[in-house]
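So this one's input-v5.csv, CSV, C-alpha atoms:
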```csv
chain,number,residue,atom,x,y,z
T,22,ILE,CA,78.0,88.9,80.1
T,23,GLY,CA,76.7,88.2,83.6
T,24,VAL,CA,78.9,89.3,86.4
T,25,ALA,CA,78.9,88.2,90.1
T,26,VAL,CA,80.4,90.5,92.7
T,27,ILE,CA,81.6,88.8,95.8
T,28,GLY,CA,81.9,91.3,98.7
T,29,ALA,CA,79.5,94.2,98.9
T,30,GLY,CA,81.7,96.6,100.8
T,31,ARG,CA,83.4,99.8,99.6
T,32,ILE,CA,85.5,98.3,96.8
T,33,GLY,CA,82.7,95.9,95.7
T,34,GLN,CA,80.4,98.9,95.2
T,35,VAL,CA,83.1,100.8,93.3
T,36,HIS,CA,83.3,97.8,90.9
T,37,CYS,CA,79.5,97.6,90.6
T,38,ARG,CA,79.5,101.2,89.5
T,39,ALA,CA,82.3,100.5,86.9
T,40,VAL,CA,80.4,97.4,85.5
T,41,ALA,CA,77.4,99.6,85.0
T,42,THR,CA,79.4,101.7,82.4
T,43,VAL,CA,80.1,98.7,80.2
T,44,PRO,CA,77.3,98.0,77.7
T,45,THR,CA,78.3,94.4,77.2
T,46,ALA,CA,78.2,93.4,81.0
T,47,LYS,CA,75.8,93.5,83.9
T,48,VAL,CA,76.0,92.5,87.5
T,49,VAL,CA,73.4,89.8,88.0
T,50,VAL,CA,74.2,88.7,91.5
T,51,VAL,CA,76.0,90.1,94.6
T,52,ALA,CA,77.1,88.0,97.6
T,53,ASP,CA,78.3,89.0,101.0
T,54,PHE,CA,78.9,87.2,104.3
T,55,ILE,CA,76.6,89.8,105.8
T,56,GLU,CA,73.4,89.3,103.9
T,57,LYS,CA,72.1,92.8,104.7
T,58,ALA,CA,75.1,94.3,103.0
T,59,ALA,CA,74.4,92.2,99.9
T,60,ILE,CA,70.8,93.3,99.9
T,61,ALA,CA,71.6,97.0,100.3
T,62,CYS,CA,74.2,96.8,97.5
T,63,ALA,CA,71.7,95.1,95.2
T,64,GLU,CA,69.1,97.8,95.9
T,65,LYS,CA,71.6,100.6,95.4
T,66,PHE,CA,72.7,99.3,92.0
T,67,GLY,CA,69.6,97.6,90.7
T,68,ILE,CA,71.1,94.1,90.9
T,69,ALA,CA,68.5,91.3,90.6
T,70,ARG,CA,69.8,88.9,93.2
T,71,ALA,CA,71.6,89.2,96.6
T,72,VAL,CA,72.9,86.1,98.4
T,73,GLN,CA,74.9,85.3,101.5
T,74,ASP,CA,76.7,82.3,100.2
T,75,TRP,CA,79.4,83.1,97.6
T,76,LYS,CA,79.2,79.6,96.2
T,77,VAL,CA,75.6,80.3,95.0
T,78,ALA,CA,76.8,83.3,93.1
T,79,VAL,CA,79.8,81.6,91.6
T,80,ARG,CA,77.8,78.6,90.5
T,81,SER,CA,75.0,80.6,88.9
T,82,PRO,CA,74.6,79.6,85.2
T,83,ASP,CA,74.1,83.2,84.1
T,84,VAL,CA,77.5,84.3,85.5
T,85,THR,CA,80.4,84.5,83.1
T,86,ALA,CA,82.8,86.5,85.3
T,87,VAL,CA,83.4,86.9,89.0
T,88,LEU,CA,84.8,90.0,90.8
T,89,ILE,CA,86.3,88.9,94.2
T,90,CYS,CA,86.2,91.8,96.7
T,91,SER,CA,85.8,89.8,99.9
T,92,PRO,CA,88.4,89.5,102.7
T,93,SER,CA,91.9,88.4,101.6
T,94,SER,CA,91.7,85.1,103.5
T,95,THR,CA,88.8,84.0,101.2
T,96,HIS,CA,90.4,84.8,97.8
T,97,CYS,CA,92.1,81.5,97.1
T,98,ASP,CA,89.0,79.3,97.8
T,99,ILE,CA,86.8,81.5,95.7
T,100,ILE,CA,89.3,81.6,92.8
T,101,ILE,CA,89.6,77.8,92.8
T,102,GLU,CA,85.9,77.3,92.8
T,103,ALA,CA,85.3,79.9,90.2
T,104,ALA,CA,87.9,78.3,87.9
T,105,ARG,CA,86.3,74.9,88.4
T,106,GLN,CA,83.0,76.5,87.3
T,107,GLY,CA,84.6,78.0,84.2
T,108,LYS,CA,84.2,81.6,85.3
T,109,HIS,CA,86.7,84.4,84.4
T,110,ILE,CA,88.1,86.0,87.6
T,111,PHE,CA,89.0,89.4,88.8
T,112,VAL,CA,90.5,89.4,92.3
T,113,GLU,CA,91.5,92.2,94.6
T,114,LYS,CA,95.1,92.0,96.0
T,115,PRO,CA,96.5,90.0,97.6
T,116,ILE,CA,95.6,86.6,96.1
T,117,ASP,CA,96.8,85.2,99.4
T,118,TYR,CA,99.5,85.7,102.1
T,119,GLU,CA,101.0,82.2,101.4
T,120,VAL,CA,102.8,81.5,98.2
T,121,SER,CA,101.9,77.8,98.2
T,122,ARG,CA,98.2,78.7,98.2
T,123,ILE,CA,98.7,81.3,95.5
T,124,ASP,CA,100.3,78.5,93.4
T,125,LEU,CA,97.2,76.3,94.0
T,126,ALA,CA,94.9,79.1,92.8
T,127,LEU,CA,97.0,79.8,89.7
T,128,GLN,CA,97.1,76.1,88.9
T,129,ALA,CA,93.3,75.9,89.0
T,130,VAL,CA,93.1,79.0,86.7
T,131,ALA,CA,95.5,77.4,84.2
T,132,LYS,CA,93.8,74.1,84.3
T,133,ALA,CA,90.4,75.7,83.6
T,134,ASN,CA,91.9,78.0,80.9
T,135,VAL,CA,90.0,81.0,82.3
T,136,LYS,CA,91.2,84.6,82.6
T,137,LEU,CA,92.5,86.0,85.8
T,138,GLN,CA,93.3,89.7,86.6
T,139,VAL,CA,94.6,91.0,89.9
T,140,GLY,CA,93.5,94.3,91.3
T,141,PHE,CA,96.6,96.5,91.2
T,142,GLN,CA,94.7,99.5,90.0
T,143,ARG,CA,97.7,101.9,89.9
T,144,ARG,CA,98.8,100.2,86.7
T,145,PHE,CA,95.8,101.9,85.1
T,146,ASP,CA,96.5,105.3,86.5
T,147,ALA,CA,97.5,107.8,83.8
T,148,ASN,CA,100.4,109.2,85.9
T,149,PHE,CA,102.0,105.9,86.7
T,150,MET,CA,101.5,104.7,83.1
T,151,ARG,CA,103.5,107.7,81.9
T,152,VAL,CA,106.3,106.9,84.3
T,153,GLN,CA,106.4,103.3,83.0
T,154,SER,CA,106.4,104.5,79.4
T,155,ALA,CA,109.3,106.9,80.0
T,156,VAL,CA,111.4,104.0,81.4
T,157,SER,CA,110.3,101.2,79.0
T,158,SER,CA,110.7,103.4,75.9
T,159,GLY,CA,114.2,104.4,76.8
T,160,GLU,CA,113.2,108.1,77.0
T,161,ILE,CA,115.2,108.6,80.2
T,162,GLY,CA,117.9,106.1,79.2
T,163,GLU,CA,119.1,103.3,81.5
T,164,PRO,CA,117.3,103.4,84.8
T,165,TYR,CA,119.6,103.9,87.8
T,166,MET,CA,117.4,104.7,90.8
T,167,LEU,CA,113.7,104.4,91.8
T,168,SER,CA,112.1,106.2,94.6
T,169,ILE,CA,108.5,105.5,95.7
T,170,THR,CA,106.7,107.5,98.4
T,171,SER,CA,103.4,106.1,99.8
T,172,ARG,CA,101.7,107.7,102.8
T,173,ASP,CA,98.1,107.4,104.0
T,174,PRO,CA,96.3,110.3,105.6
T,175,ALA,CA,95.4,108.2,108.7
T,176,PRO,CA,95.8,104.5,109.7
T,177,PRO,CA,92.9,102.1,108.9
T,178,PRO,CA,90.7,100.8,111.8
T,179,ILE,CA,92.6,98.5,114.2
T,180,GLU,CA,90.1,95.7,113.5
T,181,TYR,CA,91.1,95.8,109.8
T,182,LEU,CA,94.8,95.8,110.7
T,183,LYS,CA,94.4,92.7,112.8
T,184,GLN,CA,93.6,90.7,109.7
T,185,SER,CA,95.4,92.7,106.9
T,186,GLY,CA,98.8,90.9,107.1
T,187,GLY,CA,100.6,94.1,108.2
T,188,ILE,CA,101.9,97.2,106.5
T,189,LEU,CA,104.1,95.2,104.0
T,190,TYR,CA,101.0,93.3,102.7
T,191,ASP,CA,98.1,95.8,103.0
T,192,MET,CA,100.0,98.9,101.9
T,193,ALA,CA,103.6,98.4,100.6
T,194,ILE,CA,102.5,95.5,98.3
T,195,HIS,CA,101.0,98.1,95.9
T,196,ASP,CA,104.4,99.8,95.8
T,197,MET,CA,106.2,96.6,95.2
T,198,ASP,CA,104.0,96.0,92.2
T,199,MET,CA,104.7,99.5,91.0
T,200,ALA,CA,108.4,98.8,91.3
T,201,ARG,CA,108.2,95.8,89.0
T,202,PHE,CA,105.8,97.6,86.6
T,203,VAL,CA,107.9,100.8,86.3
T,204,MET,CA,111.4,99.2,86.2
T,205,GLY,CA,110.3,96.4,83.8
T,206,CYS,CA,112.4,93.8,85.7
T,207,GLU,CA,112.5,91.9,88.9
T,208,ALA,CA,114.0,92.8,92.3
T,209,VAL,CA,116.6,90.3,93.4
T,210,GLU,CA,117.4,91.6,96.9
T,211,VAL,CA,115.4,93.3,99.7
T,212,SER,CA,116.3,95.1,102.9
T,213,THR,CA,113.8,96.4,105.4
T,214,MET,CA,113.6,98.7,108.4
T,215,ALA,CA,110.4,99.6,110.2
T,216,THR,CA,109.1,101.3,113.3
T,217,SER,CA,105.8,102.3,114.9
T,218,PHE,CA,104.6,105.6,116.3
T,219,SER,CA,101.3,104.0,117.6
T,220,SER,CA,101.2,101.9,120.7
T,221,GLU,CA,97.9,100.4,119.5
T,222,ILE,CA,99.4,99.3,116.2
T,223,SER,CA,102.6,98.1,117.9
T,224,ALA,CA,100.5,95.9,120.2
T,225,ILE,CA,99.3,93.8,117.3
T,226,GLY,CA,102.8,93.4,115.9
T,227,ASP,CA,102.4,95.9,113.0
T,228,ALA,CA,104.3,99.0,112.1
T,229,THR,CA,103.3,102.5,111.1
T,230,THR,CA,106.4,103.4,109.1
T,231,VAL,CA,108.6,101.2,106.8
T,232,VAL,CA,111.5,101.7,104.4
T,233,VAL,CA,112.2,98.9,101.9
T,234,THR,CA,115.4,99.0,99.8
T,235,LEU,CA,115.5,97.0,96.6
T,236,ARG,CA,118.3,95.8,94.2
T,237,PHE,CA,117.0,95.0,90.7
T,238,GLU,CA,118.3,92.4,88.3
T,239,ASN,CA,119.4,95.2,85.9
T,240,GLY,CA,121.6,96.6,88.7
T,241,ALA,CA,119.4,99.6,89.6
T,242,LEU,CA,118.5,100.4,93.2
T,243,GLY,CA,115.1,101.4,94.6
T,244,THR,CA,113.5,102.6,97.8
T,245,ILE,CA,109.9,102.4,99.0
T,246,GLN,CA,108.9,104.4,102.0
T,247,CYS,CA,105.5,103.9,103.5
T,248,CYS,CA,103.8,105.6,106.4
T,249,ARG,CA,100.3,105.1,107.8
T,250,LYS,CA,99.8,108.8,108.7
T,251,ALA,CA,100.6,112.0,106.7
T,252,VAL,CA,98.4,114.8,108.2
T,253,TYR,CA,98.3,116.7,104.9
T,254,GLY,CA,96.6,114.0,102.8
T,255,TYR,CA,97.2,111.0,100.6
T,256,ASP,CA,100.8,111.2,99.4
T,257,GLN,CA,101.7,109.2,96.3
T,258,ARG,CA,104.8,110.1,94.5
T,259,ILE,CA,107.4,108.3,92.3
T,260,GLU,CA,110.7,109.2,90.6
T,261,VAL,CA,113.0,107.3,88.4
T,262,LEU,CA,116.5,108.6,87.6
T,263,GLY,CA,118.1,107.3,84.4
T,264,SER,CA,121.3,107.8,82.3
T,265,GLN,CA,119.5,110.3,80.0
T,266,GLY,CA,117.2,112.1,82.5
T,267,ALA,CA,114.5,111.5,85.1
T,268,VAL,CA,110.7,111.2,85.3
T,269,GLU,CA,108.6,111.9,88.4
T,270,ILE,CA,105.0,112.4,89.3
T,271,GLY,CA,103.6,114.3,92.3
T,272,ASN,CA,100.2,114.2,94.1
T,273,ASN,CA,96.8,114.8,92.7
T,274,TYR,CA,94.8,117.8,93.9
T,275,PRO,CA,91.1,118.6,93.9
T,276,ASN,CA,91.9,121.6,91.8
T,277,SER,CA,94.9,123.4,90.1
T,278,ALA,CA,94.4,126.7,91.8
T,279,VAL,CA,97.5,128.4,93.3
T,280,VAL,CA,96.8,131.4,95.6
T,281,SER,CA,99.6,134.1,95.7
T,282,THR,CA,99.5,136.9,98.3
T,283,THR,CA,101.9,138.9,100.3
T,284,ASN,CA,101.8,136.2,102.9
T,285,GLY,CA,103.1,133.5,100.5
T,286,ILE,CA,102.1,131.2,97.8
T,287,ALA,CA,99.7,128.3,98.6
T,288,ARG,CA,97.4,125.7,97.2
T,289,ASP,CA,94.8,123.3,98.6
T,290,LEU,CA,95.9,120.0,100.2
T,291,PRO,CA,96.2,116.8,98.0
T,292,LEU,CA,93.2,114.5,97.6
T,293,ASN,CA,92.7,112.8,101.0
T,294,PHE,CA,91.4,109.4,100.1
T,295,PHE,CA,92.6,106.6,97.8
T,296,MET,CA,89.1,106.1,96.4
T,297,ASP,CA,89.3,109.7,95.1
T,298,ARG,CA,92.9,109.5,94.0
T,299,TYR,CA,92.4,106.4,91.9
T,300,ALA,CA,88.7,106.7,90.9
T,301,ASP,CA,89.5,106.6,87.2
T,302,ALA,CA,92.0,103.8,87.6
T,303,TYR,CA,89.5,101.6,89.5
T,304,ALA,CA,87.0,102.1,86.7
T,305,ALA,CA,89.6,101.5,84.0
T,306,GLU,CA,90.8,98.2,85.4
T,307,ILE,CA,87.3,96.7,85.5
T,308,VAL,CA,86.5,98.0,82.0
T,309,GLN,CA,89.7,96.4,80.6
T,310,PHE,CA,89.1,93.2,82.4
T,311,LEU,CA,85.7,92.8,80.9
T,312,ASP,CA,87.0,93.8,77.5
T,313,ALA,CA,89.6,91.0,77.8
T,314,VAL,CA,86.7,88.6,78.6
T,315,VAL,CA,84.4,89.7,75.8
T,316,HIS,CA,87.1,89.8,73.2
T,317,ASP,CA,89.2,86.9,74.4
T,318,LYS,CA,92.4,88.9,75.1
T,319,PRO,CA,95.1,88.6,77.8
T,320,THR,CA,94.4,90.5,81.0
T,321,LYS,CA,96.7,93.4,81.9
T,322,VAL,CA,97.6,92.1,85.4
T,323,GLN,CA,98.0,88.3,85.4
T,324,GLY,CA,98.5,85.7,88.1
T,325,VAL,CA,102.3,86.0,88.3
T,326,ASP,CA,101.8,89.8,88.8
T,327,GLY,CA,99.8,88.9,91.9
T,328,LYS,CA,102.3,86.4,93.1
T,329,ILE,CA,105.6,88.2,92.9
T,330,PRO,CA,104.7,91.2,95.1
T,331,VAL,CA,103.6,88.8,97.8
T,332,VAL,CA,107.0,87.1,97.4
T,333,MET,CA,108.7,90.5,97.7
T,334,ALA,CA,106.6,91.2,100.9
T,335,LEU,CA,107.6,87.9,102.3
T,336,ALA,CA,111.3,88.6,101.6
T,337,ALA,CA,110.9,92.1,103.2
T,338,THR,CA,109.3,90.5,106.3
T,339,LYS,CA,112.1,88.0,106.6
T,340,SER,CA,114.6,90.9,106.2
T,341,LEU,CA,112.9,92.8,109.0
T,342,ARG,CA,112.8,89.9,111.3
T,343,GLU,CA,116.4,88.7,110.7
T,344,ARG,CA,117.9,92.2,110.3
T,345,ARG,CA,119.7,91.4,107.1
T,346,VAL,CA,119.5,91.7,103.3
T,347,VAL,CA,117.4,88.9,101.9
T,348,LYS,CA,117.6,87.5,98.4
T,349,ILE,CA,114.2,87.0,96.6
T,350,SER,CA,115.3,83.5,95.7
T,351,GLU,CA,115.4,82.6,99.4
T,352,VAL,CA,111.6,82.8,99.7
T,353,LEU,CA,110.7,82.1,96.0
T,354,TYR,CA,112.4,78.7,96.0
T,355,GLY,CA,112.7,78.1,99.7
T,356,GLU,CA,110.1,78.4,102.5
T,357,SER,CA,107.0,80.1,101.2
T,358,LYS,CA,104.9,80.6,104.3
T,359,LEU,CA,104.7,83.5,106.7
```
Show me, as structure tokens, the structure contained in the file I just sent.
Amino acid sequence: IGVAVIGAGRIGQVHCRAVATVPTAKVVVVADFIEKAAIACAEKFGIARAVQDWKVAVRSPDVTAVLICSPSSTHCDIIIEAARQGKHIFVEKPIDYEVSRIDLALQAVAKANVKLQVGFQRRFDANFMRVQSAVSSGEIGEPYMLSITSRDPAPPPIEYLKQSGGILYDMAIHDMDMARFVMGCEAVEVSTMATSFSSEISAIGDATTVVVTLRFENGALGTIQCCRKAVYGYDQRIEVLGSQGAVEIGNNYPNSAVVSTTNGIARDLPLNFFMDRYADAYAAEIVQFLDAVVHDKPTKVQGVDGKIPVVMALAATKSLRERRVVKISEVLYGESKL
């Protein structure tokens, strides 16, 4: 099948590399608003065509599936047009920052009867999959508490943060998806506190540190803590406590060596970059998306899975602004705009 990649940046190139491992698929065109970036990507991966206008790529007759890796503000328009053209769609998170626009995109997908998969790559990580399995199988009994730790080694560039939607949308949204994925049910209440240790980030109205508390429909409680700076590396941990036990995962390391001396016991720092930490997961999500297209199977992360974490982030934002606990129903069925 022919694949179009929209967005020739870092994640677009990761997906180009993944498609190259699938015998039944080939990237036939890459598009980027910066034409030089599209050309460079095409040369790097041996792609026949590079264009500046994404519509040209989406409307190409030799394209069956579209991978949307462009800025978040463009996702909805590309999804709607791709659906109209009968193309199957993989889109990076978030679908949009506005629930009403997400609904328009999902309606277009449903009307065209095409497949849609949202890029929450952690669902394809072996460690997180094992946590989800321990909960869903009843291995640890009834889940009582969930704890998610998510810390980046350093903040992204300020220009990125100006258009990212803020820490709840560009960072915590992955953890909100993980909360749903692991617990197997929806959150019904959200409470948020945040602060900033960077004057530059504060100046654009964003935070460096946030704690989100969740109440789930099964009565369990959860916490998500995110920070934009952890000097020791990329910190990704999760724990679920249940009635019959607990399951937890720690960080991934470049090696398993532990050095023991008279001075103490030590090991190297965790992997320092999300591209390294989730390299296998990024590849797996694209392989499984293309497999769903080729064999006409449901995708693993569907439109509703892209919508609900945005709703959760919207509720968390409302909680932060109004300094109170917010019910998910307030934003799911009430106002749906930032």
>> Using all atoms listed in the file, can you tell me which of T:Val322, T:Ile307, T:Val231, T:Ala25 comes closest to Ser171 (chain T)?
In response: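 Of all the options, T:Val231 lies closest to Ser171 (chain T).
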Within-12 Å shell of (90.3, 90.2, 103.8) in input frame, only C-alpha atoms, as a short mmCIF file (atom, residue, chain, number, x, y, z; two decimals) with C-alpha atoms, keeping the file's coordinate frame:
```cif
data_model
loop_
_atom_site.label_atom_id
_atom_site.label_comp_id
_atom_site.auth_asym_id
_atom_site.auth_seq_id
_atom_site.Cartn_x
_atom_site.Cartn_y
_atom_site.Cartn_z
CA ILE T 27 81.60 88.80 95.80
CA GLY T 28 81.90 91.30 98.70
CA GLY T 30 81.70 96.60 100.80
CA ILE T 32 85.50 98.30 96.80
CA PHE T 54 78.90 87.20 104.30
CA ILE T 89 86.30 88.90 94.20
CA CYS T 90 86.20 91.80 96.70
CA SER T 91 85.80 89.80 99.90
CA PRO T 92 88.40 89.50 102.70
CA SER T 93 91.90 88.40 101.60
CA SER T 94 91.70 85.10 103.50
CA THR T 95 88.80 84.00 101.20
CA HIS T 96 90.40 84.80 97.80
CA CYS T 97 92.10 81.50 97.10
CA VAL T 112 90.50 89.40 92.30
CA GLU T 113 91.50 92.20 94.60
CA LYS T 114 95.10 92.00 96.00
CA PRO T 115 96.50 90.00 97.60
CA ILE T 116 95.60 86.60 96.10
CA ASP T 117 96.80 85.20 99.40
CA TYR T 118 99.50 85.70 102.10
CA GLU T 180 90.10 95.70 113.50
CA TYR T 181 91.10 95.80 109.80
CA LEU T 182 94.80 95.80 110.70
CA LYS T 183 94.40 92.70 112.80
CA GLN T 184 93.60 90.70 109.70
CA SER T 185 95.40 92.70 106.90
CA GLY T 186 98.80 90.90 107.10
CA GLY T 187 100.60 94.10 108.20
CA TYR T 190 101.00 93.30 102.70
CA ASP T 191 98.10 95.80 103.00
#
```
> What is the distance between CA of Ala29 (chain T) and CA of Ile101 (chain T), in Å to one decimal?
Replying inline: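 Answer for the CA of Ala29 (chain T) to CA of Ile101 (chain T) separation: 20.2 Å.
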>> Could you tell me how far CA of Ser264 (chain T) sits from CA of Val347 (chain T), in Å to one decimal place?
In response: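 CA of Ser264 (chain T) lies 27.5 Å from CA of Val347 (chain T).
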>> Here is a test: counting only C-alpha atoms, which residue of T:Asp198, T:Glu119, T:Asp74, T:Asp83 is nearest to Phe141 (chain T)?
In response: T:Asp198
> region 41-46 of chain T: which residues within 9 Å, counting all atoms listed in the file, same-chain residues fewer than 5 positions away excluded, as a PyMOL selection string?
Replying inline: chain T and resi 22-24+36+66+304+308+311-312+315
>> Neighbouring residues of Tyr299 (chain T) were defined as those with any atom within 9 Å, considering only C-alpha atoms; residues of the same chain fewer than 2 positions away were excluded. Please report them as a ChimeraX atom specification.
In response: /T:142-143,145-146,294-297,301-304
Counting only C-alpha atoms, which residues of region 118-184 of chain T sit at most 6 Å from some atom of region 246-259 of chain T, and what is each one's closest atom pair with its distance in Å to one decimal, listed by chain and rising residue number, as a tab-separated table?
```
residue	atom	partner	partner_atom	distance
T:Ser168	CA	T:Ile259	CA	5.6
T:Ile169	CA	T:Ile259	CA	4.5
T:Thr170	CA	T:Arg258	CA	5.1
T:Ser171	CA	T:Cys247	CA	4.8
T:Arg172	CA	T:Cys248	CA	4.7
T:Asp173	CA	T:Arg249	CA	5.0
T:Pro174	CA	T:Gly254	CA	4.6
T:Ala175	CA	T:Lys250	CA	4.4
T:Pro176	CA	T:Arg249	CA	4.9
```
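If only C-alpha atoms are the atoms counted, then among T:Gln106, T:Gln34, T:Ser340, T:Ser157 the closest residue to Ala133 (chain T) is T:Gln106.
CA of Ala155 (chain T) is positioned 24.4 Å from CA of Gln138 (chain T).
Close contacts of Ser154 (chain T), defined as residues with an atom at most 12 Å away when counting all atoms listed in the file, with chain neighbours fewer than 3 positions off set aside, comprise Arg144, Ala147, Asn148, Phe149, Met150, Arg151, Ser157, Ser158, Gly159, Glu160, Ile161, Gly162, Phe202, Val203, Met204, Gly205, Val261, Val268 and Glu269 of chain T.
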Counting all atoms listed in the file, note down every residue that has an atom within 10 Å of the point (100.4, 79.9, 98.0) (file coordinates), as a JSON list (two decimals) with C-alpha atoms, in the coordinates of the input.
```json
[["chain", "number", "residue", "atom", "x", "y", "z"],
["T", 97, "CYS", "CA", 92.10, 81.50, 97.10],
["T", 116, "ILE", "CA", 95.60, 86.60, 96.10],
["T", 117, "ASP", "CA", 96.80, 85.20, 99.40],
["T", 118, "TYR", "CA", 99.50, 85.70, 102.10],
["T", 119, "GLU", "CA", 101.00, 82.20, 101.40],
["T", 120, "VAL", "CA", 102.80, 81.50, 98.20],
["T", 121, "SER", "CA", 101.90, 77.80, 98.20],
["T", 122, "ARG", "CA", 98.20, 78.70, 98.20],
["T", 123, "ILE", "CA", 98.70, 81.30, 95.50],
["T", 124, "ASP", "CA", 100.30, 78.50, 93.40],
["T", 125, "LEU", "CA", 97.20, 76.30, 94.00],
["T", 126, "ALA", "CA", 94.90, 79.10, 92.80],
["T", 127, "LEU", "CA", 97.00, 79.80, 89.70],
["T", 328, "LYS", "CA", 102.30, 86.40, 93.10],
["T", 331, "VAL", "CA", 103.60, 88.80, 97.80],
["T", 332, "VAL", "CA", 107.00, 87.10, 97.40],
["T", 357, "SER", "CA", 107.00, 80.10, 101.20],
["T", 358, "LYS", "CA", 104.90, 80.60, 104.30]]
```
>> Report as a list in words all protein, DNA and RNA residues lying within 7 Å of Leu262 (chain T), evaluated on all atoms listed in the file, omitting residues in the same chain fewer than 5 positions from it.
In response: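 So, after excluding close chain neighbours, the residues are Pro164, Tyr165, Met166, Leu167, Ala267 and Val268 of chain T.
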>> Given all atoms listed in the file as the basis, pick out the residue of T:Lys132, T:Arg38, T:Lys321, T:Arg342 nearest to Ala300 (chain T).
In response: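 Among the listed residues, T:Arg38 lies closest to Ala300 (chain T).
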>> Need to verify the contact set: Glu238 (chain T), 9 Å, all atoms listed in the file, exclusion of same-chain residues closer than 6 positions in sequence. Can you return it as a ChimeraX atom specification?
In response: /T:206-210
